[in-house]
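Asker: One structure follows; several queries about it will come next.
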Amino acid sequence: MVGKKPVDSGAENRANKIKLRDLNLANDFNVEAAAKLIFRECVHHLRLNLARYCDHRDDIALVQIRIGLRRTRVALKIFKTIIYPETYKKLKKEFRYFGRLLGDASDLDVFLKGMLNKTCPLNGLEATYEELRSCIRLMRDQEQDQIHEAFTGERFQGLLQIFDDWIERDRSLNLGWADTDLSRRAIGPFAVGVISKGRKDLLARGSSIEALSIDDLHNVRKYVKRSRYHLRFFSSLFDQKTLSEGYHLLVQMQDCLGYVNDVREGLKLISVLGGEVRADHISNTLRLMAVIVAKASEDVENHLETFAGLWRQYESYELTEANLL
């Protein structure tokens with residue numbers, strides 16, 4: 001069973017996120033049944049947000065599409081062993097392709113809402129600051145035009161239809177489940193194995209946080225997201241108190257590393273802006289950049305300190321079969 005379908009009743013509802021519905025996996029589900037439910041809800045979430053984005057150019061829906069594409073790839077990886085290799089390879093490639101299309105637009109939007117938000121950091125330099133924001137808005141709008149064309153095109157619509165058809169197909173057909181024995185096993189122990197492996201993979205990549213580069217931390221963040229999705233997919237199978245403890249740790253860890261990554265991408269955009277502004281704004285641009293970067297450096301330090309504390313808590317966190325309902 002799943003929750004009620006969200007209803008879009010206009011501008012008020014468009015201000016709210018359309019998230020993935022609750023996934024209620026019964027203890028008697030086998031791996032195949034669980035996989036089908038998860039895949040169905042992933043594509044349902046994508047379709048709802050795609051419709052809202054296409055109708056309204058809604059930024060919130062676009063963020064949810066990016067999350068949905070990433071989450072679908074994680075779901076495919078979870079159930080990789082029961083998917084024919086060629087099917088897995090094709091679906092993974094297509095979902096990754098469309099996910100990457102959203103990267104630049106997302107970075108530009110985050111930059112406008114974060115490091116280059118509406119408040120000018122230096123009095124008297126508002127005209128230059130608005131010039132910088134105008135440059136970024138233009139770049140973002142150009143990216144979004146390309147995104148709109150791609151996501152309303154035949155390739156993406158065809159991908160969703162292929163995915164729908166594949167989920168419902170018989171195992172005897174060409175697009176089916178590769179490991180019949182595994183697909184019939186109980187979902188509970190399988191979920192524990194997925195979560196445990198995800199946790200170990202994450203901890204292995206962040207064993208010495210202080211020595212990691214910004215690129216390394218970005219990679220750690222990917223594994224934080226993956227572990228978070230694991231708990232999200234299988235949450236109904238576990239004691240909620242114990243599961244929520246781990247989930248909230250991962251959410252906070254993701255937020256901390258997300259800010260660090262936003263600054264990382266923002267610094268790249270600042271360097272781009274330096275070559276885009278008019279000559280009469282260059283000196284003021286440099287003054288603004290100095291203030292923005294100094295503020296970001298303080299915030300990054302605070303976020304990394306917070307992350308280190310959360311990491312130590314996560315090191316002692318674990319879900320086992322004893323936590324299954």
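Chain labels run A, B, ... following the order of the structure tokens; each chain numbers its residues from 1, and ligands are numbered from 1 in the order shown.
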Using only C-alpha atoms, which residues sit within 12 Å of Asn123 of chain A once same-chain residues fewer than 2 positions away are excluded, as an mmCIF file with N, CA, C and O atoms, in the first residue's frame?
Answerer:
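Final output, around25.cif:
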```cif
data_model
loop_
_atom_site.group_PDB
_atom_site.id
_atom_site.type_symbol
_atom_site.label_atom_id
_atom_site.label_comp_id
_atom_site.auth_asym_id
_atom_site.auth_seq_id
_atom_site.Cartn_x
_atom_site.Cartn_y
_atom_site.Cartn_z
ATOM 1 N N THR A 119 20.730 40.028 -0.943
ATOM 2 C CA THR A 119 21.277 41.087 -0.093
ATOM 3 C C THR A 119 22.721 41.399 -0.462
ATOM 4 O O THR A 119 23.607 40.547 -0.333
ATOM 5 N N CYS A 120 22.955 42.614 -0.914
ATOM 6 C CA CYS A 120 24.316 43.046 -1.254
ATOM 7 C C CYS A 120 25.145 43.176 0.030
ATOM 8 O O CYS A 120 24.716 43.836 0.981
ATOM 9 N N PRO A 121 26.340 42.559 0.087
ATOM 10 C CA PRO A 121 27.129 42.570 1.323
ATOM 11 C C PRO A 121 27.866 43.877 1.602
ATOM 12 O O PRO A 121 28.377 44.062 2.704
ATOM 13 N N LEU A 125 27.552 49.376 -3.299
ATOM 14 C CA LEU A 125 27.939 48.569 -4.462
ATOM 15 C C LEU A 125 26.758 47.772 -5.021
ATOM 16 O O LEU A 125 26.930 46.765 -5.699
ATOM 17 N N GLU A 126 25.562 48.269 -4.755
ATOM 18 C CA GLU A 126 24.358 47.538 -5.171
ATOM 19 C C GLU A 126 24.264 47.379 -6.683
ATOM 20 O O GLU A 126 23.821 46.337 -7.187
ATOM 21 N N ALA A 127 24.679 48.406 -7.445
ATOM 22 C CA ALA A 127 24.585 48.329 -8.911
ATOM 23 C C ALA A 127 25.483 47.220 -9.463
ATOM 24 O O ALA A 127 25.072 46.450 -10.336
ATOM 25 N N THR A 128 26.700 47.130 -8.950
ATOM 26 C CA THR A 128 27.609 46.067 -9.391
ATOM 27 C C THR A 128 27.078 44.708 -8.980
ATOM 28 O O THR A 128 27.126 43.738 -9.748
ATOM 29 N N TYR A 129 26.554 44.634 -7.761
ATOM 30 C CA TYR A 129 26.029 43.362 -7.250
ATOM 31 C C TYR A 129 24.870 42.874 -8.116
ATOM 32 O O TYR A 129 24.789 41.690 -8.457
ATOM 33 N N ASN A 284 34.848 46.998 -8.298
ATOM 34 C CA ASN A 284 33.825 46.729 -7.286
ATOM 35 C C ASN A 284 33.516 45.237 -7.200
ATOM 36 O O ASN A 284 33.207 44.727 -6.113
ATOM 37 N N ARG A 287 36.017 43.706 -4.910
ATOM 38 C CA ARG A 287 35.710 44.012 -3.508
ATOM 39 C C ARG A 287 34.585 43.102 -2.993
ATOM 40 O O ARG A 287 34.665 42.570 -1.878
ATOM 41 N N LEU A 288 33.555 42.941 -3.807
ATOM 42 C CA LEU A 288 32.434 42.083 -3.415
ATOM 43 C C LEU A 288 32.870 40.632 -3.272
ATOM 44 O O LEU A 288 32.492 39.945 -2.323
ATOM 45 N N VAL A 291 34.649 39.907 0.033
ATOM 46 C CA VAL A 291 33.746 39.801 1.183
ATOM 47 C C VAL A 291 32.977 38.478 1.142
ATOM 48 O O VAL A 291 32.822 37.794 2.159
#
```
Asker: Do you know which residues are at most 8 Å from Leu76 of chain A counting only C-alpha atoms, after dropping those on the same chain fewer than 3 positions away, and could you put them as a list of chain:residue names?
Answerer: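 Contacts, with the query itself left out: A:Thr72, A:Arg73, A:Phe79, A:Lys80, A:Tyr88, A:Lys92.
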Asker: Per DSSP on the backbone, filter segment 86-274 of chain A down to the residues in helix (DSSP H, G or I) and report them as a PyMOL selection string.
Answerer: chain A and resi 86-101+103-113+126-151+154-168+180-183+187-205+209-211+214-237+240-274
Asker: Choose the residue, out of A:Leu25, A:Leu122, A:Ala150, A:Ile136, that has the smallest atom-to-atom separation from Gly274 of chain A; count only C-alpha atoms.
Answerer: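 Among A:Leu25, A:Leu122, A:Ala150, A:Ile136, it is A:Ile136 that comes nearest to Gly274 of chain A.
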Asker: Pick the closest to Glu315 of chain A from A:Pro85, A:Asp201, A:Gly124, A:Val263: which is it, counting only C-alpha atoms?
Answerer: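 Of A:Pro85, A:Asp201, A:Gly124, A:Val263, the one nearest Glu315 of chain A is A:Asp201, counting only C-alpha atoms.
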